[in-house]
$ cat work-v4.cif   # mmCIF, C-alpha atoms
data_work
#
loop_
_atom_site.label_atom_id
_atom_site.label_comp_id
_atom_site.auth_asym_id
_atom_site.auth_seq_id
_atom_site.Cartn_x
_atom_site.Cartn_y
_atom_site.Cartn_z
CA MET A 170 -95.79 -136.99 -3.86
CA ASN A 171 -95.75 -137.40 -7.65
CA LEU A 172 -95.91 -140.66 -9.62
CA ASP A 173 -92.12 -141.15 -9.75
CA ASP A 174 -91.80 -140.63 -6.00
CA ALA A 175 -94.65 -143.07 -5.37
CA LEU A 176 -93.04 -145.63 -7.69
CA GLN A 177 -89.69 -145.24 -5.94
CA ALA A 178 -91.33 -145.73 -2.54
CA TRP A 179 -93.21 -148.79 -3.84
CA ALA A 180 -89.99 -150.29 -5.23
CA THR A 181 -88.22 -149.80 -1.92
CA GLN A 182 -91.06 -151.13 0.24
CA GLU A 183 -92.39 -154.01 -1.86
CA VAL A 184 -89.75 -155.10 -4.36
CA ALA A 185 -86.21 -154.56 -3.15
CA LEU A 186 -84.46 -157.58 -1.71
CA PRO A 187 -82.70 -156.72 1.57
CA ALA A 188 -78.91 -156.79 1.22
CA PRO A 189 -78.42 -159.51 3.89
CA ALA A 190 -80.80 -161.80 1.95
CA ALA A 191 -78.92 -161.11 -1.28
CA ASP A 192 -75.62 -161.89 0.46
CA ASP A 193 -77.03 -165.15 1.84
CA ILE A 194 -78.07 -166.18 -1.65
CA TYR A 195 -74.61 -165.36 -3.00
CA ARG A 196 -72.93 -167.47 -0.30
CA ALA A 197 -75.31 -170.39 -0.92
CA ILE A 198 -74.54 -170.31 -4.64
CA VAL A 199 -70.75 -170.18 -4.37
CA ALA A 200 -70.85 -173.03 -1.83
CA THR A 201 -72.41 -175.21 -4.51
CA PRO A 202 -70.05 -177.58 -6.34
CA THR A 203 -69.60 -176.58 -9.96
CA GLY A 204 -69.48 -180.09 -11.33
CA LEU A 205 -72.30 -182.00 -12.92
CA ASP A 206 -75.72 -180.82 -11.77
CA ALA A 207 -76.88 -183.38 -9.24
CA ARG A 208 -80.32 -183.34 -10.88
CA TRP A 209 -79.02 -184.19 -14.37
CA TRP A 210 -80.86 -187.51 -14.26
CA THR A 211 -84.30 -185.87 -13.95
CA THR A 212 -83.96 -184.31 -17.40
CA PHE A 213 -82.27 -187.41 -18.74
CA SER A 214 -84.90 -189.82 -17.45
CA ALA A 215 -87.77 -187.59 -18.59
CA GLN A 216 -86.33 -187.46 -22.09
CA LEU A 217 -85.65 -191.17 -22.04
CA ALA A 218 -89.21 -191.92 -20.92
CA ALA A 219 -90.60 -189.70 -23.67
CA ASN A 220 -88.46 -191.47 -26.28
CA VAL A 221 -89.50 -194.90 -25.05
CA MET A 222 -93.17 -193.91 -25.10
CA THR A 223 -92.90 -192.53 -28.61
CA GLY A 224 -90.79 -195.38 -29.93
CA THR A 225 -92.93 -198.17 -28.53
CA ARG A 226 -96.38 -196.72 -29.12
CA PRO A 227 -98.36 -199.23 -31.21
CA ARG A 228 -99.23 -198.05 -34.66
CA ARG A 229 -102.89 -197.40 -35.22
CA PRO A 230 -104.26 -199.99 -37.65
CA VAL A 231 -105.28 -198.61 -41.03
CA LEU A 232 -109.00 -199.04 -41.56
CA THR A 233 -109.99 -199.96 -45.06
CA MET B 34 -59.13 -163.79 -10.95
CA ASP B 35 -60.69 -166.01 -8.29
CA ARG B 36 -63.81 -167.73 -9.56
CA SER B 37 -66.07 -166.51 -6.72
CA VAL B 38 -64.79 -162.93 -7.08
CA GLU B 39 -65.52 -163.05 -10.82
CA PHE B 40 -68.99 -164.36 -10.09
CA ARG B 41 -69.62 -161.72 -7.41
CA LYS B 42 -69.08 -158.98 -10.00
CA ILE B 43 -71.68 -160.52 -12.29
CA TYR B 44 -74.06 -161.18 -9.40
CA ASP B 45 -73.85 -157.60 -8.11
CA ALA B 46 -74.24 -156.15 -11.58
CA HIS B 47 -77.43 -158.04 -12.44
CA ARG B 48 -79.11 -159.37 -9.30
CA THR B 49 -81.35 -156.33 -8.66
CA ALA B 50 -82.78 -156.41 -12.17
CA VAL B 51 -83.24 -160.18 -12.18
CA HIS B 52 -85.02 -160.03 -8.83
CA ALA B 53 -87.24 -157.17 -10.01
CA TYR B 54 -88.10 -159.20 -13.12
CA PHE B 55 -89.26 -162.14 -11.03
CA VAL B 56 -91.24 -159.88 -8.67
CA GLY B 57 -92.99 -158.51 -11.75
CA ARG B 58 -93.77 -162.05 -12.89
CA THR B 59 -94.79 -163.57 -9.55
CA GLY B 60 -95.81 -160.61 -7.37
CA ASP B 61 -93.97 -162.28 -4.49
CA ARG B 62 -90.64 -160.85 -3.31
CA TRP B 63 -89.49 -164.09 -1.68
CA ARG B 64 -90.58 -166.43 -4.47
CA ALA B 65 -88.69 -164.02 -6.73
CA ALA B 66 -85.61 -164.44 -4.52
CA ASP B 67 -85.81 -168.24 -4.96
CA LEU B 68 -86.04 -167.90 -8.72
CA MET B 69 -83.20 -165.38 -8.75
CA GLN B 70 -81.07 -167.87 -6.81
CA GLU B 71 -81.85 -170.60 -9.35
CA THR B 72 -80.94 -168.26 -12.20
CA PHE B 73 -77.58 -167.34 -10.71
CA LEU B 74 -76.89 -170.92 -9.73
CA ARG B 75 -76.96 -171.75 -13.43
CA ALA B 76 -74.71 -168.77 -14.11
CA TRP B 77 -72.29 -170.02 -11.43
CA ARG B 78 -72.16 -173.47 -13.01
CA ARG B 79 -71.47 -172.02 -16.43
CA LEU B 80 -69.31 -169.10 -15.37
CA PRO B 81 -66.62 -169.53 -18.06
CA GLU B 82 -69.29 -168.88 -20.73
CA LEU B 83 -70.32 -165.65 -19.02
CA THR B 84 -66.97 -164.12 -18.21
CA GLY B 85 -66.07 -163.70 -21.85
CA LEU B 86 -69.23 -161.72 -22.61
CA SER B 87 -69.87 -157.98 -22.55
CA ASP B 88 -72.19 -156.52 -19.90
CA ASP B 89 -75.03 -156.59 -22.44
CA GLY B 90 -74.15 -160.14 -23.45
CA GLN B 91 -74.19 -161.24 -19.83
CA ARG B 92 -77.58 -159.56 -19.36
CA ALA B 93 -78.99 -161.36 -22.40
CA TRP B 94 -77.62 -164.71 -21.19
CA ILE B 95 -78.89 -164.31 -17.63
CA PHE B 96 -82.34 -163.10 -18.66
CA THR B 97 -82.73 -165.92 -21.16
CA VAL B 98 -82.29 -168.28 -18.22
CA ALA B 99 -84.64 -166.15 -16.10
CA ARG B 100 -87.36 -166.12 -18.76
CA ASN B 101 -87.12 -169.88 -19.20
CA LEU B 102 -87.32 -170.42 -15.45
CA SER B 103 -90.30 -168.14 -15.30
CA ILE B 104 -92.06 -170.18 -17.99
CA ASP B 105 -91.27 -173.39 -16.10
CA GLU B 106 -92.57 -171.81 -12.91
CA HIS B 107 -95.87 -171.01 -14.59
CA ARG B 108 -96.18 -174.51 -16.01
CA GLN B 109 -95.29 -176.34 -12.84
CA SER B 110 -96.84 -174.51 -9.96
CA ARG B 111 -99.70 -172.31 -11.02
CA THR B 112 -101.71 -171.06 -13.91
CA ARG B 113 -101.34 -167.50 -15.13
CA ALA B 114 -104.92 -166.77 -14.05
CA ALA B 115 -104.21 -168.00 -10.53
CA THR B 116 -101.13 -165.79 -10.36
CA ASP B 117 -103.04 -162.74 -11.45
CA ALA B 118 -105.83 -163.53 -8.99
CA ALA B 119 -103.29 -163.85 -6.19
CA LEU B 120 -101.65 -160.59 -7.18
CA ARG B 121 -104.97 -158.79 -7.14
CA ALA B 122 -106.13 -160.35 -3.89
CA GLU B 123 -102.92 -159.78 -1.95
CA PRO B 124 -103.31 -156.84 0.40
CA ALA B 125 -100.92 -153.97 -0.13
CA ASP B 126 -97.84 -154.19 2.05
CA ALA B 127 -97.11 -150.53 1.98
CA ALA B 128 -96.55 -149.67 5.59
CA ALA B 129 -94.97 -146.27 5.51
CA PRO B 130 -92.31 -145.07 7.90
CA ALA B 131 -93.57 -142.75 10.61
CA SER B 132 -92.02 -139.70 8.96
CA THR B 133 -94.03 -140.17 5.76
CA SER B 134 -97.33 -138.40 5.60
CA VAL B 135 -100.53 -140.42 5.54
CA ILE B 136 -101.44 -139.06 2.14
CA ALA B 137 -98.07 -140.03 0.69
CA ALA B 138 -98.46 -143.54 2.15
CA GLU B 139 -101.93 -143.83 0.66
CA ARG B 140 -100.65 -142.74 -2.74
CA VAL B 141 -98.02 -145.50 -2.58
CA THR B 142 -100.80 -147.97 -1.76
CA VAL B 143 -102.82 -146.72 -4.73
CA VAL B 144 -99.79 -147.21 -6.98
CA ALA B 145 -99.10 -150.69 -5.56
CA ASP B 146 -102.71 -151.80 -6.09
CA SER B 147 -102.70 -150.41 -9.63
CA ILE B 148 -99.47 -152.20 -10.49
CA ARG B 149 -101.05 -155.52 -9.41
CA ARG B 150 -103.90 -154.91 -11.85
CA LEU B 151 -101.65 -154.12 -14.83
CA PRO B 152 -101.38 -156.65 -17.65
CA GLU B 153 -98.39 -158.88 -16.94
CA GLN B 154 -96.11 -157.51 -19.68
CA GLN B 155 -96.65 -153.96 -18.49
CA ARG B 156 -96.20 -154.97 -14.85
CA VAL B 157 -92.91 -156.73 -15.57
CA THR B 158 -91.59 -153.82 -17.64
CA LEU B 159 -92.58 -151.24 -15.06
CA THR B 160 -91.07 -153.27 -12.22
CA LEU B 161 -87.82 -153.62 -14.15
CA ALA B 162 -87.74 -149.86 -14.73
CA ALA B 163 -88.73 -148.79 -11.23
CA ALA B 164 -86.94 -151.40 -9.14
CA GLY B 165 -84.45 -152.98 -11.53
CA GLY B 166 -82.77 -149.76 -12.54
CA LEU B 167 -82.54 -150.68 -16.22
CA THR B 168 -82.75 -148.31 -19.19
CA SER B 169 -85.16 -148.99 -22.06
CA ALA B 170 -82.33 -150.43 -24.15
CA GLU B 171 -81.20 -152.70 -21.31
CA MET B 172 -84.78 -153.83 -20.71
CA ALA B 173 -85.11 -154.61 -24.40
CA THR B 174 -82.08 -156.91 -24.14
CA ALA B 175 -83.40 -158.46 -20.94
CA LEU B 176 -86.91 -159.09 -22.24
CA GLY B 177 -85.92 -159.95 -25.81
CA VAL B 178 -88.22 -157.33 -27.35
CA PRO B 179 -87.56 -154.10 -29.31
CA ALA B 180 -86.82 -150.96 -27.27
CA GLY B 181 -89.91 -149.34 -28.80
CA THR B 182 -92.07 -152.08 -27.31
CA VAL B 183 -90.50 -151.48 -23.91
CA ARG B 184 -91.21 -147.74 -24.15
CA TYR B 185 -94.81 -148.39 -25.22
CA ARG B 186 -95.45 -150.79 -22.32
CA LEU B 187 -93.90 -148.32 -19.88
CA SER B 188 -95.95 -145.48 -21.24
CA GLU B 189 -99.19 -147.47 -20.99
CA ALA B 190 -98.36 -148.60 -17.45
CA ARG B 191 -97.52 -145.08 -16.29
CA ARG B 192 -100.70 -143.76 -17.89
CA ALA B 193 -102.77 -146.30 -15.92
CA LEU B 194 -101.01 -145.41 -12.67
CA ALA B 195 -101.35 -141.67 -13.25
CA GLU B 196 -105.07 -142.19 -13.90
CA ALA B 197 -105.43 -144.16 -10.67
CA LEU B 198 -103.69 -141.37 -8.72
CA ARG B 199 -105.93 -138.74 -10.34
CA THR B 200 -109.01 -140.73 -9.33
CA TYR B 201 -107.66 -141.02 -5.79
CA ASP B 202 -107.00 -137.27 -5.66
CA ASP B 203 -110.50 -136.48 -6.95
CA VAL B 204 -112.09 -138.64 -4.27
CA GLU B 205 -109.84 -137.72 -1.36
CA GLN B 206 -109.21 -134.06 -2.06
CA PRO B 207 -112.25 -132.59 -3.84
#
$ encode --input "work-v4.cif" --output "structure tokens"
Amino acid sequence: MNLDDALQAWATQEVALPAPAADDIYRAIVATPTGLDARWWTTFSAQLAANVMTGTRPRRPVLT
Amino acid sequence: MDRSVEFRKIYDAHRTAVHAYFVGRTGDRWRAADLMQETFLRAWRRLPELTGLSDDGQRAWIFTVARNLSIDEHRQSRTRAATDAALRAEPADAAAPASTSVIAAERVTVVADSIRRLPEQQRVTLTLAAAGGLTSAEMATALGVPAGTVRYRLSEARRALAEALRTYDDVEQP
């Protein structure tokens, strides 16, 4: 068994996703509504929190 | 064309490579399946953007999402060092079918162990080539690097594996 054969066997045994699993994933995806991502608020609120933190951070007093 | 039929074409064309990419990054076939699902879920939600693209354009779009997800995965759940440690520690799952000779099965195990020890960029490139079925040019698009870089990484990875097999042969069959 040469390197290419060994690689092919490795890919089949350890990497390849079984077809039924791939089909299940496909069905789960197409069953998902295509509207607004239900998790839109997580990005929104994280960005909002970051902006609030930045905008309200007290300025460091200038030492003279 | 029906939206799900259109998506199925894209999914079938790219899923093997995307899954192989994530296996190369995570070393875990089922974690890779989760990340592949997340990648294609984003493609499904933005299907109109994808359908107008060429095959290469679709590959670039999908792999940009995949690379970003992979970065997020690293940030959120584990450090790169922990991933590599897990990859090295995980026992080889290379159970050979009964018809395969013991020596052939052992050579596959040697290759699998060596792949786990490769630097990540080489491991990802080799996995894409061996299991993803992509050419060097397609891998260059997928990984966002020049084709020459892909060929160099592949060459280095294959050299390391060939060396590991030679060492195995020297020990097992003097």
$ residues_around --input "work-v4.cif" --residues "stretch 152-163 of chain B" --least-positions-apart "3" --cutoff "7 Å" --atoms "all atoms listed in the file" --output "list in words"
Leu176, Gln177 and Ala180 of chain A; Ala50, Ala53, Tyr54, Gly57, Arg58, Ile148, Gly166, Leu167, Thr168, Val183, Arg186, Leu187 and Ala190 of chain B
$ resolve_selection --input "work-v4.cif" --expression "the PyMOL selection byres ((chain A) within 8 of (chain B))" --output "list in words"
Met170, Leu172, Ala175, Leu176, Gln177, Ala178, Trp179, Ala180, Thr181, Gln182, Glu183, Val184, Ala185, Leu186, Ile194, Tyr195, Ile198, Val199, Thr203 and Gly204 of chain A
$ atom_distance --input "work-v4.cif" --atom1 "atom CA of B:Lys42" --atom2 "atom CA of B:Asp88"
10.7 Å
$ resolve_selection --input "work-v4.cif" --expression "the PyMOL selection byres ((chain B and resi 94) around 12)" --output "compact mmCIF listing (two decimals) with C-alpha atoms, in the coordinates of the input"
# COMPACT_ATOMS: atom_id res chain seq x y z
CA ILE B 43 -71.68 -160.52 -12.29
CA HIS B 47 -77.43 -158.04 -12.44
CA VAL B 51 -83.24 -160.18 -12.18
CA THR B 72 -80.94 -168.26 -12.20
CA PHE B 73 -77.58 -167.34 -10.71
CA ARG B 75 -76.96 -171.75 -13.43
CA ALA B 76 -74.71 -168.77 -14.11
CA ARG B 79 -71.47 -172.02 -16.43
CA LEU B 80 -69.31 -169.10 -15.37
CA GLU B 82 -69.29 -168.88 -20.73
CA LEU B 83 -70.32 -165.65 -19.02
CA THR B 84 -66.97 -164.12 -18.21
CA GLY B 85 -66.07 -163.70 -21.85
CA LEU B 86 -69.23 -161.72 -22.61
CA SER B 87 -69.87 -157.98 -22.55
CA ASP B 88 -72.19 -156.52 -19.90
CA ASP B 89 -75.03 -156.59 -22.44
CA GLY B 90 -74.15 -160.14 -23.45
CA GLN B 91 -74.19 -161.24 -19.83
CA ARG B 92 -77.58 -159.56 -19.36
CA ALA B 93 -78.99 -161.36 -22.40
CA ILE B 95 -78.89 -164.31 -17.63
CA PHE B 96 -82.34 -163.10 -18.66
CA THR B 97 -82.73 -165.92 -21.16
CA VAL B 98 -82.29 -168.28 -18.22
CA ALA B 99 -84.64 -166.15 -16.10
CA ARG B 100 -87.36 -166.12 -18.76
CA ASN B 101 -87.12 -169.88 -19.20
CA THR B 174 -82.08 -156.91 -24.14
CA ALA B 175 -83.40 -158.46 -20.94
CA LEU B 176 -86.91 -159.09 -22.24
CA GLY B 177 -85.92 -159.95 -25.81
$ atom_distance --input "work-v4.cif" --atom1 "atom CA of A:Thr201" --atom2 "atom CA of A:Ala188"
20.4 Å
$ atom_distance --input "work-v4.cif" --atom1 "atom CA of B:Glu189" --atom2 "atom CA of B:Arg149"
14.2 Å
$ decode --input "work-v4.cif" --residues "stretch 133-197 of chain B" --atoms "C-alpha atoms" --output "PDB file, in the first residue's frame"
ATOM      1  CA  THR B 133      -7.540  -5.493   4.329  1.00  0.00           C
ATOM      2  CA  SER B 134      -4.217  -6.886   5.358  1.00  0.00           C
ATOM      3  CA  VAL B 135      -2.848  -6.095   8.800  1.00  0.00           C
ATOM      4  CA  ILE B 136       0.143  -4.326   7.314  1.00  0.00           C
ATOM      5  CA  ALA B 137      -2.057  -2.128   5.137  1.00  0.00           C
ATOM      6  CA  ALA B 138      -4.192  -1.259   8.182  1.00  0.00           C
ATOM      7  CA  GLU B 139      -1.093  -0.400  10.177  1.00  0.00           C
ATOM      8  CA  ARG B 140       0.175   1.837   7.384  1.00  0.00           C
ATOM      9  CA  VAL B 141      -3.137   3.713   7.443  1.00  0.00           C
ATOM     10  CA  THR B 142      -2.724   4.133  11.204  1.00  0.00           C
ATOM     11  CA  VAL B 143       0.802   5.462  10.695  1.00  0.00           C
ATOM     12  CA  VAL B 144      -0.524   7.968   8.147  1.00  0.00           C
ATOM     13  CA  ALA B 145      -3.408   9.003  10.436  1.00  0.00           C
ATOM     14  CA  ASP B 146      -1.072   9.576  13.396  1.00  0.00           C
ATOM     15  CA  SER B 147       1.337  11.548  11.219  1.00  0.00           C
ATOM     16  CA  ILE B 148      -1.453  13.751   9.884  1.00  0.00           C
ATOM     17  CA  ARG B 149      -2.439  14.639  13.472  1.00  0.00           C
ATOM     18  CA  ARG B 150       1.112  15.808  14.122  1.00  0.00           C
ATOM     19  CA  LEU B 151       1.331  18.018  11.022  1.00  0.00           C
ATOM     20  CA  PRO B 152       1.289  21.796  11.452  1.00  0.00           C
ATOM     21  CA  GLU B 153      -2.305  22.984  11.121  1.00  0.00           C
ATOM     22  CA  GLN B 154      -1.947  24.660   7.720  1.00  0.00           C
ATOM     23  CA  GLN B 155      -0.418  21.534   6.222  1.00  0.00           C
ATOM     24  CA  ARG B 156      -3.021  19.312   7.886  1.00  0.00           C
ATOM     25  CA  VAL B 157      -5.904  21.387   6.531  1.00  0.00           C
ATOM     26  CA  THR B 158      -4.436  21.495   3.023  1.00  0.00           C
ATOM     27  CA  LEU B 159      -3.730  17.775   2.963  1.00  0.00           C
ATOM     28  CA  THR B 160      -7.204  16.945   4.275  1.00  0.00           C
ATOM     29  CA  LEU B 161      -8.777  19.142   1.611  1.00  0.00           C
ATOM     30  CA  ALA B 162      -6.735  17.385  -1.075  1.00  0.00           C
ATOM     31  CA  ALA B 163      -7.210  13.831   0.169  1.00  0.00           C
ATOM     32  CA  ALA B 164     -10.798  13.973   1.395  1.00  0.00           C
ATOM     33  CA  GLY B 165     -12.201  17.158  -0.134  1.00  0.00           C
ATOM     34  CA  GLY B 166     -11.358  16.285  -3.706  1.00  0.00           C
ATOM     35  CA  LEU B 167     -10.162  19.783  -4.595  1.00  0.00           C
ATOM     36  CA  THR B 168      -7.407  20.707  -7.052  1.00  0.00           C
ATOM     37  CA  SER B 169      -4.580  23.041  -6.020  1.00  0.00           C
ATOM     38  CA  ALA B 170      -6.309  25.953  -7.757  1.00  0.00           C
ATOM     39  CA  GLU B 171      -9.611  25.201  -6.033  1.00  0.00           C
ATOM     40  CA  MET B 172      -7.866  24.894  -2.669  1.00  0.00           C
ATOM     41  CA  ALA B 173      -6.188  28.240  -3.286  1.00  0.00           C
ATOM     42  CA  THR B 174      -9.627  29.818  -3.754  1.00  0.00           C
ATOM     43  CA  ALA B 175     -10.989  28.015  -0.708  1.00  0.00           C
ATOM     44  CA  LEU B 176      -8.114  28.931   1.600  1.00  0.00           C
ATOM     45  CA  GLY B 177      -7.495  32.407   0.198  1.00  0.00           C
ATOM     46  CA  VAL B 178      -3.805  31.747  -0.494  1.00  0.00           C
ATOM     47  CA  PRO B 179      -1.762  31.480  -3.729  1.00  0.00           C
ATOM     48  CA  ALA B 180      -1.774  28.112  -5.513  1.00  0.00           C
ATOM     49  CA  GLY B 181       2.001  27.924  -5.019  1.00  0.00           C
ATOM     50  CA  THR B 182       1.503  28.069  -1.265  1.00  0.00           C
ATOM     51  CA  VAL B 183      -1.015  25.233  -1.482  1.00  0.00           C
ATOM     52  CA  ARG B 184       1.432  23.109  -3.494  1.00  0.00           C
ATOM     53  CA  TYR B 185       4.246  23.833  -1.031  1.00  0.00           C
ATOM     54  CA  ARG B 186       2.125  22.860   1.988  1.00  0.00           C
ATOM     55  CA  LEU B 187       0.998  19.683   0.236  1.00  0.00           C
ATOM     56  CA  SER B 188       4.532  18.787  -0.703  1.00  0.00           C
ATOM     57  CA  GLU B 189       5.794  19.309   2.858  1.00  0.00           C
ATOM     58  CA  ALA B 190       2.904  17.292   4.302  1.00  0.00           C
ATOM     59  CA  ARG B 191       3.432  14.408   1.882  1.00  0.00           C
ATOM     60  CA  ARG B 192       7.161  14.450   2.610  1.00  0.00           C
ATOM     61  CA  ALA B 193       6.462  14.098   6.355  1.00  0.00           C
ATOM     62  CA  LEU B 194       4.023  11.238   5.758  1.00  0.00           C
ATOM     63  CA  ALA B 195       6.369   9.437   3.379  1.00  0.00           C
ATOM     64  CA  GLU B 196       9.126   9.736   5.987  1.00  0.00           C
ATOM     65  CA  ALA B 197       6.845   8.287   8.661  1.00  0.00           C
TER      66      ALA B 197
END
